[in-house]
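One file, my_file09.tsv, carrying TSV, N, CA and C atoms:
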```tsv
chain	number	residue	atom	x	y	z
A	1	MET	N	-27.07	-37.82	-57.91
A	1	MET	CA	-25.88	-37.02	-58.18
A	1	MET	C	-26.09	-36.13	-59.41
A	2	LYS	N	-26.81	-36.64	-60.39
A	2	LYS	CA	-27.06	-35.87	-61.61
A	2	LYS	C	-27.83	-34.58	-61.30
A	3	SER	N	-28.83	-34.64	-60.41
A	3	SER	CA	-29.62	-33.45	-60.09
A	3	SER	C	-28.76	-32.41	-59.39
A	4	LEU	N	-27.80	-32.82	-58.57
A	4	LEU	CA	-26.91	-31.87	-57.90
A	4	LEU	C	-26.05	-31.15	-58.93
A	5	THR	N	-25.56	-31.88	-59.93
A	5	THR	CA	-24.75	-31.27	-60.99
A	5	THR	C	-25.58	-30.27	-61.78
A	6	LEU	N	-26.83	-30.63	-62.08
A	6	LEU	CA	-27.70	-29.73	-62.82
A	6	LEU	C	-27.95	-28.46	-62.02
A	7	PHE	N	-28.20	-28.59	-60.71
A	7	PHE	CA	-28.42	-27.43	-59.86
A	7	PHE	C	-27.17	-26.56	-59.83
A	8	THR	N	-26.01	-27.18	-59.67
A	8	THR	CA	-24.76	-26.44	-59.63
A	8	THR	C	-24.53	-25.71	-60.94
A	9	ASN	N	-24.80	-26.37	-62.07
A	9	ASN	CA	-24.62	-25.73	-63.37
A	9	ASN	C	-25.57	-24.55	-63.53
A	10	ARG	N	-26.81	-24.70	-63.11
A	10	ARG	CA	-27.77	-23.59	-63.19
A	10	ARG	C	-27.35	-22.44	-62.30
A	11	LEU	N	-26.86	-22.77	-61.13
A	11	LEU	CA	-26.40	-21.74	-60.19
A	11	LEU	C	-25.20	-20.99	-60.77
A	12	HIS	N	-24.28	-21.74	-61.35
A	12	HIS	CA	-23.10	-21.10	-61.97
A	12	HIS	C	-23.53	-20.22	-63.14
A	13	LEU	N	-24.47	-20.69	-63.93
A	13	LEU	CA	-24.97	-19.90	-65.06
A	13	LEU	C	-25.64	-18.63	-64.56
A	14	ALA	N	-26.47	-18.74	-63.53
A	14	ALA	CA	-27.15	-17.57	-62.97
A	14	ALA	C	-26.13	-16.57	-62.44
A	15	ARG	N	-25.09	-17.05	-61.79
A	15	ARG	CA	-24.06	-16.14	-61.26
A	15	ARG	C	-23.27	-15.48	-62.37
A	16	LEU	N	-22.99	-16.22	-63.42
A	16	LEU	CA	-22.30	-15.66	-64.57
A	16	LEU	C	-23.16	-14.58	-65.24
A	17	LEU	N	-24.44	-14.86	-65.43
A	17	LEU	CA	-25.36	-13.89	-66.03
A	17	LEU	C	-25.51	-12.65	-65.14
A	18	PHE	N	-25.57	-12.86	-63.84
A	18	PHE	CA	-25.67	-11.72	-62.91
A	18	PHE	C	-24.42	-10.85	-63.01
A	19	ALA	N	-23.25	-11.46	-63.00
A	19	ALA	CA	-22.00	-10.71	-63.10
A	19	ALA	C	-21.95	-9.93	-64.42
A	20	ALA	N	-22.36	-10.57	-65.50
A	20	ALA	CA	-22.38	-9.89	-66.80
A	20	ALA	C	-23.34	-8.70	-66.79
A	21	ALA	N	-24.49	-8.86	-66.14
A	21	ALA	CA	-25.47	-7.78	-66.07
A	21	ALA	C	-24.94	-6.62	-65.22
A	22	VAL	N	-24.24	-6.92	-64.14
A	22	VAL	CA	-23.66	-5.87	-63.29
A	22	VAL	C	-22.62	-5.08	-64.08
A	23	VAL	N	-21.75	-5.80	-64.78
A	23	VAL	CA	-20.71	-5.13	-65.57
A	23	VAL	C	-21.35	-4.28	-66.67
A	24	THR	N	-22.35	-4.84	-67.35
A	24	THR	CA	-23.04	-4.11	-68.41
A	24	THR	C	-23.69	-2.84	-67.87
A	25	ALA	N	-24.38	-2.96	-66.75
A	25	ALA	CA	-25.04	-1.78	-66.15
A	25	ALA	C	-24.01	-0.72	-65.77
A	26	LEU	N	-22.90	-1.16	-65.21
A	26	LEU	CA	-21.86	-0.21	-64.80
A	26	LEU	C	-21.24	0.49	-66.01
A	27	VAL	N	-20.95	-0.28	-67.06
A	27	VAL	CA	-20.37	0.32	-68.27
A	27	VAL	C	-21.35	1.30	-68.89
A	28	MET	N	-22.61	0.91	-69.01
A	28	MET	CA	-23.62	1.80	-69.60
A	28	MET	C	-23.76	3.08	-68.79
A	29	ALA	N	-23.65	2.97	-67.48
A	29	ALA	CA	-23.77	4.15	-66.61
A	29	ALA	C	-22.57	5.08	-66.75
A	30	CYS	N	-21.43	4.54	-67.15
A	30	CYS	CA	-20.21	5.34	-67.28
A	30	CYS	C	-20.05	5.97	-68.67
A	31	LEU	N	-20.83	5.53	-69.63
A	31	LEU	CA	-20.73	6.09	-70.97
A	31	LEU	C	-21.31	7.50	-71.00
A	32	PRO	N	-20.63	8.44	-71.65
A	32	PRO	CA	-21.17	9.80	-71.73
A	32	PRO	C	-22.54	9.84	-72.42
A	33	GLN	N	-22.74	9.02	-73.43
A	33	GLN	CA	-24.01	8.95	-74.15
A	33	GLN	C	-24.31	7.47	-74.43
A	34	PRO	N	-24.98	6.77	-73.49
A	34	PRO	CA	-25.23	5.34	-73.71
A	34	PRO	C	-26.17	5.11	-74.89
A	35	PRO	N	-25.99	3.99	-75.59
A	35	PRO	CA	-26.87	3.68	-76.72
A	35	PRO	C	-28.31	3.47	-76.26
A	36	ARG	N	-29.26	3.71	-77.13
A	36	ARG	CA	-30.69	3.63	-76.79
A	36	ARG	C	-31.22	2.20	-76.75
A	37	MET	N	-30.57	1.27	-77.36
A	37	MET	CA	-30.95	-0.15	-77.33
A	37	MET	C	-32.33	-0.42	-77.92
A	38	GLY	N	-32.79	0.41	-78.82
A	38	GLY	CA	-34.04	0.16	-79.52
A	38	GLY	C	-35.31	0.54	-78.77
A	39	LEU	N	-35.19	0.84	-77.49
A	39	LEU	CA	-36.36	1.23	-76.71
A	39	LEU	C	-36.34	2.73	-76.47
A	40	ASN	N	-37.47	3.35	-76.61
A	40	ASN	CA	-37.55	4.79	-76.37
A	40	ASN	C	-38.08	5.02	-74.96
A	41	LEU	N	-37.26	4.67	-73.97
A	41	LEU	CA	-37.65	4.80	-72.57
A	41	LEU	C	-37.02	6.03	-71.94
A	42	SER	N	-37.68	6.55	-70.94
A	42	SER	CA	-37.10	7.64	-70.16
A	42	SER	C	-35.92	7.08	-69.36
A	43	ASP	N	-35.16	7.97	-68.79
A	43	ASP	CA	-34.03	7.56	-67.95
A	43	ASP	C	-34.52	6.70	-66.79
A	44	LYS	N	-35.65	7.07	-66.20
A	44	LYS	CA	-36.20	6.30	-65.08
A	44	LYS	C	-36.63	4.90	-65.55
A	45	GLY	N	-37.20	4.82	-66.75
A	45	GLY	CA	-37.59	3.53	-67.32
A	45	GLY	C	-36.39	2.64	-67.57
A	46	GLN	N	-35.30	3.23	-68.03
A	46	GLN	CA	-34.08	2.45	-68.25
A	46	GLN	C	-33.53	1.93	-66.93
A	47	HIS	N	-33.55	2.79	-65.90
A	47	HIS	CA	-33.11	2.35	-64.57
A	47	HIS	C	-34.00	1.20	-64.08
A	48	ALA	N	-35.30	1.36	-64.23
A	48	ALA	CA	-36.23	0.34	-63.74
A	48	ALA	C	-35.97	-1.00	-64.42
A	49	ILE	N	-35.84	-1.00	-65.74
A	49	ILE	CA	-35.60	-2.26	-66.45
A	49	ILE	C	-34.28	-2.88	-66.02
A	50	ALA	N	-33.24	-2.05	-65.92
A	50	ALA	CA	-31.93	-2.58	-65.50
A	50	ALA	C	-32.03	-3.23	-64.12
A	51	PHE	N	-32.72	-2.59	-63.20
A	51	PHE	CA	-32.77	-3.14	-61.84
A	51	PHE	C	-33.78	-4.26	-61.67
A	52	VAL	N	-34.77	-4.35	-62.53
A	52	VAL	CA	-35.64	-5.54	-62.54
A	52	VAL	C	-34.80	-6.75	-62.96
A	53	VAL	N	-34.02	-6.58	-64.02
A	53	VAL	CA	-33.17	-7.68	-64.51
A	53	VAL	C	-32.12	-8.05	-63.47
A	54	LEU	N	-31.44	-7.04	-62.90
A	54	LEU	CA	-30.42	-7.32	-61.89
A	54	LEU	C	-31.02	-8.04	-60.68
A	55	THR	N	-32.20	-7.62	-60.25
A	55	THR	CA	-32.83	-8.24	-59.08
A	55	THR	C	-33.21	-9.68	-59.36
A	56	ALA	N	-33.82	-9.94	-60.50
A	56	ALA	CA	-34.21	-11.31	-60.86
A	56	ALA	C	-32.98	-12.21	-60.95
A	57	LEU	N	-31.92	-11.70	-61.57
A	57	LEU	CA	-30.70	-12.50	-61.69
A	57	LEU	C	-30.03	-12.70	-60.34
A	58	ALA	N	-30.04	-11.68	-59.47
A	58	ALA	CA	-29.46	-11.81	-58.14
A	58	ALA	C	-30.20	-12.87	-57.33
A	59	ARG	N	-31.52	-12.86	-57.44
A	59	ARG	CA	-32.33	-13.85	-56.70
A	59	ARG	C	-32.04	-15.27	-57.19
A	60	ALA	N	-31.85	-15.42	-58.51
A	60	ALA	CA	-31.53	-16.74	-59.07
A	60	ALA	C	-30.09	-17.15	-58.74
A	61	ALA	N	-29.18	-16.19	-58.74
A	61	ALA	CA	-27.76	-16.47	-58.53
A	61	ALA	C	-27.44	-16.77	-57.07
A	62	PHE	N	-28.20	-16.18	-56.17
A	62	PHE	CA	-27.93	-16.32	-54.74
A	62	PHE	C	-29.22	-16.68	-54.00
A	63	PRO	N	-29.74	-17.88	-54.24
A	63	PRO	CA	-31.05	-18.25	-53.67
A	63	PRO	C	-31.07	-18.30	-52.14
A	64	GLY	N	-29.93	-18.49	-51.52
A	64	GLY	CA	-29.89	-18.55	-50.06
A	64	GLY	C	-29.74	-17.20	-49.40
A	65	LEU	N	-29.50	-16.18	-50.20
A	65	LEU	CA	-29.33	-14.84	-49.67
A	65	LEU	C	-30.69	-14.20	-49.43
A	66	GLY	N	-30.87	-13.61	-48.30
A	66	GLY	CA	-32.15	-13.01	-47.96
A	66	GLY	C	-32.50	-11.82	-48.85
A	67	LYS	N	-33.80	-11.56	-48.93
A	67	LYS	CA	-34.28	-10.45	-49.76
A	67	LYS	C	-33.71	-9.11	-49.30
A	68	ALA	N	-33.56	-8.94	-48.00
A	68	ALA	CA	-33.04	-7.67	-47.46
A	68	ALA	C	-31.60	-7.45	-47.93
A	69	TRP	N	-30.80	-8.50	-47.97
A	69	TRP	CA	-29.42	-8.37	-48.42
A	69	TRP	C	-29.36	-8.06	-49.91
A	70	ILE	N	-30.21	-8.71	-50.68
A	70	ILE	CA	-30.25	-8.42	-52.12
A	70	ILE	C	-30.68	-6.98	-52.33
A	71	PHE	N	-31.72	-6.57	-51.62
A	71	PHE	CA	-32.19	-5.17	-51.74
A	71	PHE	C	-31.06	-4.21	-51.39
A	72	ALA	N	-30.40	-4.43	-50.25
A	72	ALA	CA	-29.35	-3.53	-49.80
A	72	ALA	C	-28.18	-3.48	-50.79
A	73	GLY	N	-27.77	-4.64	-51.28
A	73	GLY	CA	-26.65	-4.69	-52.21
A	73	GLY	C	-26.95	-3.98	-53.52
A	74	LEU	N	-28.14	-4.23	-54.06
A	74	LEU	CA	-28.49	-3.60	-55.33
A	74	LEU	C	-28.78	-2.11	-55.16
A	75	ALA	N	-29.35	-1.73	-54.03
A	75	ALA	CA	-29.57	-0.30	-53.77
A	75	ALA	C	-28.23	0.42	-53.64
A	76	ALA	N	-27.26	-0.22	-52.99
A	76	ALA	CA	-25.92	0.36	-52.89
A	76	ALA	C	-25.28	0.47	-54.28
A	77	PHE	N	-25.48	-0.54	-55.12
A	77	PHE	CA	-24.95	-0.50	-56.48
A	77	PHE	C	-25.59	0.66	-57.25
A	78	GLY	N	-26.89	0.86	-57.09
A	78	GLY	CA	-27.56	1.99	-57.73
A	78	GLY	C	-27.01	3.32	-57.24
A	79	GLY	N	-26.71	3.41	-55.94
A	79	GLY	CA	-26.10	4.61	-55.39
A	79	GLY	C	-24.71	4.84	-55.96
A	80	LEU	N	-23.94	3.77	-56.11
A	80	LEU	CA	-22.62	3.87	-56.71
A	80	LEU	C	-22.70	4.40	-58.14
A	81	ILE	N	-23.68	3.93	-58.88
A	81	ILE	CA	-23.87	4.42	-60.26
A	81	ILE	C	-24.10	5.93	-60.25
A	82	GLU	N	-24.93	6.41	-59.33
A	82	GLU	CA	-25.20	7.84	-59.27
A	82	GLU	C	-23.96	8.63	-58.86
A	83	VAL	N	-23.16	8.09	-57.97
A	83	VAL	CA	-21.91	8.75	-57.58
A	83	VAL	C	-20.97	8.82	-58.78
A	84	ILE	N	-20.86	7.73	-59.52
A	84	ILE	CA	-20.01	7.71	-60.72
A	84	ILE	C	-20.50	8.73	-61.73
A	85	GLN	N	-21.82	8.82	-61.89
A	85	GLN	CA	-22.35	9.77	-62.86
A	85	GLN	C	-22.15	11.22	-62.44
A	86	ALA	N	-21.71	11.45	-61.23
A	86	ALA	CA	-21.40	12.81	-60.77
A	86	ALA	C	-20.01	13.26	-61.23
A	87	ILE	N	-19.23	12.35	-61.80
A	87	ILE	CA	-17.89	12.70	-62.29
A	87	ILE	C	-18.06	13.61	-63.50
A	88	PRO	N	-17.56	14.85	-63.42
A	88	PRO	CA	-17.79	15.82	-64.50
A	88	PRO	C	-17.31	15.34	-65.88
A	89	ALA	N	-16.21	14.60	-65.94
A	89	ALA	CA	-15.65	14.17	-67.22
A	89	ALA	C	-16.60	13.24	-67.98
A	90	LEU	N	-17.52	12.62	-67.30
A	90	LEU	CA	-18.47	11.71	-67.97
A	90	LEU	C	-19.60	12.47	-68.66
A	91	GLY	N	-19.84	13.68	-68.24
A	91	GLY	CA	-20.92	14.45	-68.84
A	91	GLY	C	-22.30	13.93	-68.48
A	92	ARG	N	-22.40	13.23	-67.36
A	92	ARG	CA	-23.67	12.69	-66.90
A	92	ARG	C	-24.10	13.46	-65.66
A	93	ASP	N	-25.37	13.35	-65.32
A	93	ASP	CA	-25.90	14.02	-64.14
A	93	ASP	C	-26.43	12.98	-63.16
A	94	PRO	N	-25.97	13.03	-61.90
A	94	PRO	CA	-26.55	12.12	-60.92
A	94	PRO	C	-27.97	12.56	-60.58
A	95	SER	N	-28.79	11.60	-60.16
A	95	SER	CA	-30.17	11.93	-59.86
A	95	SER	C	-30.69	11.08	-58.71
A	96	LEU	N	-31.19	11.73	-57.69
A	96	LEU	CA	-31.81	11.02	-56.58
A	96	LEU	C	-33.05	10.26	-57.09
A	97	MET	N	-33.75	10.83	-58.04
A	97	MET	CA	-34.95	10.16	-58.58
A	97	MET	C	-34.59	8.87	-59.32
A	98	ASP	N	-33.44	8.85	-60.00
A	98	ASP	CA	-32.98	7.61	-60.64
A	98	ASP	C	-32.72	6.55	-59.58
A	99	TRP	N	-32.09	6.97	-58.49
A	99	TRP	CA	-31.79	6.02	-57.43
A	99	TRP	C	-33.08	5.50	-56.79
A	100	LEU	N	-34.05	6.37	-56.63
A	100	LEU	CA	-35.34	5.92	-56.09
A	100	LEU	C	-36.05	4.98	-57.06
A	101	ALA	N	-35.90	5.22	-58.36
A	101	ALA	CA	-36.46	4.29	-59.37
A	101	ALA	C	-35.80	2.92	-59.23
A	102	ASP	N	-34.50	2.90	-58.94
A	102	ASP	CA	-33.79	1.64	-58.71
A	102	ASP	C	-34.41	0.91	-57.52
A	103	TRP	N	-34.60	1.64	-56.43
A	103	TRP	CA	-35.16	1.06	-55.21
A	103	TRP	C	-36.55	0.48	-55.49
A	104	LEU	N	-37.36	1.24	-56.19
A	104	LEU	CA	-38.72	0.78	-56.50
A	104	LEU	C	-38.68	-0.49	-57.34
A	105	ALA	N	-37.84	-0.51	-58.35
A	105	ALA	CA	-37.73	-1.69	-59.21
A	105	ALA	C	-37.25	-2.91	-58.42
A	106	ILE	N	-36.28	-2.71	-57.55
A	106	ILE	CA	-35.77	-3.81	-56.72
A	106	ILE	C	-36.87	-4.35	-55.81
A	107	GLY	N	-37.56	-3.45	-55.12
A	107	GLY	CA	-38.60	-3.87	-54.18
A	107	GLY	C	-39.76	-4.57	-54.86
A	108	VAL	N	-40.24	-4.02	-55.96
A	108	VAL	CA	-41.36	-4.63	-56.67
A	108	VAL	C	-40.96	-6.00	-57.22
A	109	THR	N	-39.76	-6.09	-57.77
A	109	THR	CA	-39.31	-7.37	-58.34
A	109	THR	C	-39.16	-8.42	-57.25
A	110	LEU	N	-38.56	-8.05	-56.13
A	110	LEU	CA	-38.44	-9.02	-55.02
A	110	LEU	C	-39.82	-9.46	-54.54
A	111	GLY	N	-40.75	-8.52	-54.46
A	111	GLY	CA	-42.11	-8.88	-54.04
A	111	GLY	C	-42.79	-9.82	-55.01
A	112	LEU	N	-42.67	-9.54	-56.29
A	112	LEU	CA	-43.29	-10.41	-57.30
A	112	LEU	C	-42.66	-11.79	-57.32
A	113	ILE	N	-41.34	-11.85	-57.19
A	113	ILE	CA	-40.67	-13.16	-57.15
A	113	ILE	C	-41.14	-13.94	-55.94
A	114	GLY	N	-41.27	-13.26	-54.81
A	114	GLY	CA	-41.75	-13.91	-53.60
A	114	GLY	C	-43.16	-14.47	-53.77
A	115	LEU	N	-44.02	-13.69	-54.41
A	115	LEU	CA	-45.40	-14.17	-54.66
A	115	LEU	C	-45.41	-15.38	-55.59
A	116	VAL	N	-44.61	-15.33	-56.64
A	116	VAL	CA	-44.55	-16.45	-57.57
A	116	VAL	C	-44.03	-17.69	-56.86
A	117	TRP	N	-42.97	-17.55	-56.07
A	117	TRP	CA	-42.42	-18.70	-55.35
A	117	TRP	C	-43.44	-19.25	-54.36
A	118	GLU	N	-44.15	-18.36	-53.69
A	118	GLU	CA	-45.18	-18.80	-52.74
A	118	GLU	C	-46.28	-19.56	-53.46
A	119	PHE	N	-46.75	-19.01	-54.57
A	119	PHE	CA	-47.81	-19.65	-55.35
A	119	PHE	C	-47.36	-21.00	-55.88
A	120	CYS	N	-46.16	-21.04	-56.45
A	120	CYS	CA	-45.65	-22.30	-57.00
A	120	CYS	C	-45.42	-23.33	-55.90
A	121	GLY	N	-44.94	-22.89	-54.76
A	121	GLY	CA	-44.72	-23.79	-53.62
A	121	GLY	C	-46.03	-24.38	-53.11
A	122	ARG	N	-47.07	-23.55	-53.01
A	122	ARG	CA	-48.37	-24.03	-52.55
A	122	ARG	C	-48.97	-25.00	-53.54
A	123	ARG	N	-48.86	-24.70	-54.83
A	123	ARG	CA	-49.40	-25.60	-55.87
A	123	ARG	C	-48.68	-26.93	-55.84
A	124	ARG	N	-47.36	-26.90	-55.66
A	124	ARG	CA	-46.59	-28.13	-55.64
A	124	ARG	C	-46.99	-28.99	-54.45
A	125	HIS	N	-47.15	-28.36	-53.27
A	125	HIS	CA	-47.54	-29.12	-52.07
A	125	HIS	C	-48.98	-29.61	-52.18
A	126	THR	N	-49.85	-28.82	-52.79
A	126	THR	CA	-51.24	-29.22	-52.97
A	126	THR	C	-51.34	-30.39	-53.95
A	127	ALA	N	-50.55	-30.36	-55.00
A	127	ALA	CA	-50.59	-31.42	-56.02
A	127	ALA	C	-50.07	-32.73	-55.44
A	128	VAL	N	-49.10	-32.67	-54.52
A	128	VAL	CA	-48.55	-33.89	-53.92
A	128	VAL	C	-49.53	-34.48	-52.93
A	129	ALA	N	-50.24	-33.64	-52.20
A	129	ALA	CA	-51.14	-34.11	-51.14
A	129	ALA	C	-52.36	-34.74	-51.68
```
Here is the file; what I need is its structure written in the form of structure tokens.
Amino acid sequence: MKSLTLFTNRLHLARLLFAAAVVTALVMACLPQPPRMGLNLSDKGQHAIAFVVLTALARAAFPGLGKAWIFAGLAAFGGLIEVIQAIPALGRDPSLMDWLADWLAIGVTLGLIGLVWEFCGRRRHTAVA
């Protein structure tokens, strides 16, 4: 019973962190001039880092959800960000290239997580055998 509680607590924590990251990304996207956060990255680099983090958290928060659903949901969220940035009052510019950077970050992160899980799963089964 203790292990089930630990799993549930980790799952709740992952979902809370994912929700916080989504809200943070949305707020940052809506700011007319978002803060630099100490990194001197291009706009595409900022998108990539945001979507690497969102993808990793989504995978942890929703382990039973397929990769295609995570990809589709996060890609739609990236598209929503670009639509919001098209609002003239925000003083931001939407960019198809930003959205493509989101897609690339999502896909690469899902692929790397899959490889790590595969490697760790094989090592675990090999060590038991």
For Leu74 in chain A, find every residue with an atom within 8 Å (counting only N, CA and C atoms), except residues of its own chain fewer than 3 positions away, and show them as a PyMOL selection string. chain A and resi 51+54-55+68-71+77-80+102-103+106
So what do you get for atom C of Ala20 in chain A versus atom N of Pro32 in chain A, distance-wise?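 Computed distance, atom C of Ala20 in chain A to atom N of Pro32 in chain A, equals 18.0 Å.
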Gap from CA of Leu100 in chain A to atom C of Leu13 in chain A - Å, one decimal: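 One can read the CA of Leu100 in chain A to atom C of Leu13 in chain A distance as 27.7 Å.
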Using all atoms listed in the file, which of the listed residues (A:Val52, A:Leu11, A:Val23, A:Leu17) sits closest to Thr109 in chain A? A:Val52
Shortest interatomic distance to Val22 in chain A - which of A:Val53, A:Lys67, A:Cys120, A:Pro88, counting all atoms listed in the file: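 Of all the options, A:Val53 lies closest to Val22 in chain A.
The spacing separating atom C of Gln46 in chain A from CA of Pro34 in chain A amounts to 11.2 Å.
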Of the candidates A:Ala60, A:Leu96, A:Leu16, A:Leu112, which one gets nearest to Glu82 in chain A if we count all atoms listed in the file?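 Among A:Ala60, A:Leu96, A:Leu16, A:Leu112, it is A:Leu96 that comes nearest to Glu82 in chain A.
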Kindly add N, CA, C and O atoms to the incomplete range 80-95 of chain A and provide the output as a short mmCIF file (atom, residue, chain, number, x, y, z; two decimals), keeping the file's coordinate frame.
```
data_model
loop_
_atom_site.label_atom_id
_atom_site.label_comp_id
_atom_site.auth_asym_id
_atom_site.auth_seq_id
_atom_site.Cartn_x
_atom_site.Cartn_y
_atom_site.Cartn_z
N LEU A 80 -23.94 3.77 -56.11
CA LEU A 80 -22.62 3.87 -56.71
C LEU A 80 -22.70 4.40 -58.14
O LEU A 80 -21.90 5.26 -58.55
N ILE A 81 -23.68 3.93 -58.88
CA ILE A 81 -23.87 4.42 -60.26
C ILE A 81 -24.10 5.93 -60.25
O ILE A 81 -23.52 6.66 -61.05
N GLU A 82 -24.93 6.41 -59.33
CA GLU A 82 -25.20 7.84 -59.27
C GLU A 82 -23.96 8.63 -58.86
O GLU A 82 -23.73 9.73 -59.37
N VAL A 83 -23.16 8.09 -57.97
CA VAL A 83 -21.91 8.75 -57.58
C VAL A 83 -20.97 8.82 -58.78
O VAL A 83 -20.36 9.86 -59.04
N ILE A 84 -20.86 7.73 -59.52
CA ILE A 84 -20.01 7.71 -60.72
C ILE A 84 -20.50 8.73 -61.73
O ILE A 84 -19.70 9.43 -62.37
N GLN A 85 -21.82 8.82 -61.89
CA GLN A 85 -22.35 9.77 -62.86
C GLN A 85 -22.15 11.22 -62.44
O GLN A 85 -22.34 12.13 -63.25
N ALA A 86 -21.71 11.45 -61.23
CA ALA A 86 -21.40 12.81 -60.77
C ALA A 86 -20.01 13.26 -61.23
O ALA A 86 -19.67 14.44 -61.08
N ILE A 87 -19.23 12.35 -61.80
CA ILE A 87 -17.89 12.70 -62.29
C ILE A 87 -18.06 13.61 -63.50
O ILE A 87 -18.65 13.21 -64.51
N PRO A 88 -17.56 14.85 -63.42
CA PRO A 88 -17.79 15.82 -64.50
C PRO A 88 -17.31 15.34 -65.88
O PRO A 88 -17.95 15.64 -66.89
N ALA A 89 -16.21 14.60 -65.94
CA ALA A 89 -15.65 14.17 -67.22
C ALA A 89 -16.60 13.24 -67.98
O ALA A 89 -16.51 13.13 -69.21
N LEU A 90 -17.52 12.62 -67.30
CA LEU A 90 -18.47 11.71 -67.97
C LEU A 90 -19.60 12.47 -68.66
O LEU A 90 -20.27 11.92 -69.54
N GLY A 91 -19.84 13.68 -68.24
CA GLY A 91 -20.92 14.45 -68.84
C GLY A 91 -22.30 13.93 -68.48
O GLY A 91 -23.27 14.13 -69.20
N ARG A 92 -22.40 13.23 -67.36
CA ARG A 92 -23.67 12.69 -66.90
C ARG A 92 -24.10 13.46 -65.66
O ARG A 92 -23.31 14.13 -65.01
N ASP A 93 -25.37 13.35 -65.32
CA ASP A 93 -25.90 14.02 -64.14
C ASP A 93 -26.43 12.98 -63.16
O ASP A 93 -27.28 12.15 -63.54
N PRO A 94 -25.97 13.03 -61.90
CA PRO A 94 -26.55 12.12 -60.92
C PRO A 94 -27.97 12.56 -60.58
O PRO A 94 -28.32 13.72 -60.72
N SER A 95 -28.79 11.60 -60.16
CA SER A 95 -30.17 11.93 -59.86
C SER A 95 -30.69 11.08 -58.71
O SER A 95 -30.63 9.85 -58.78
#
```
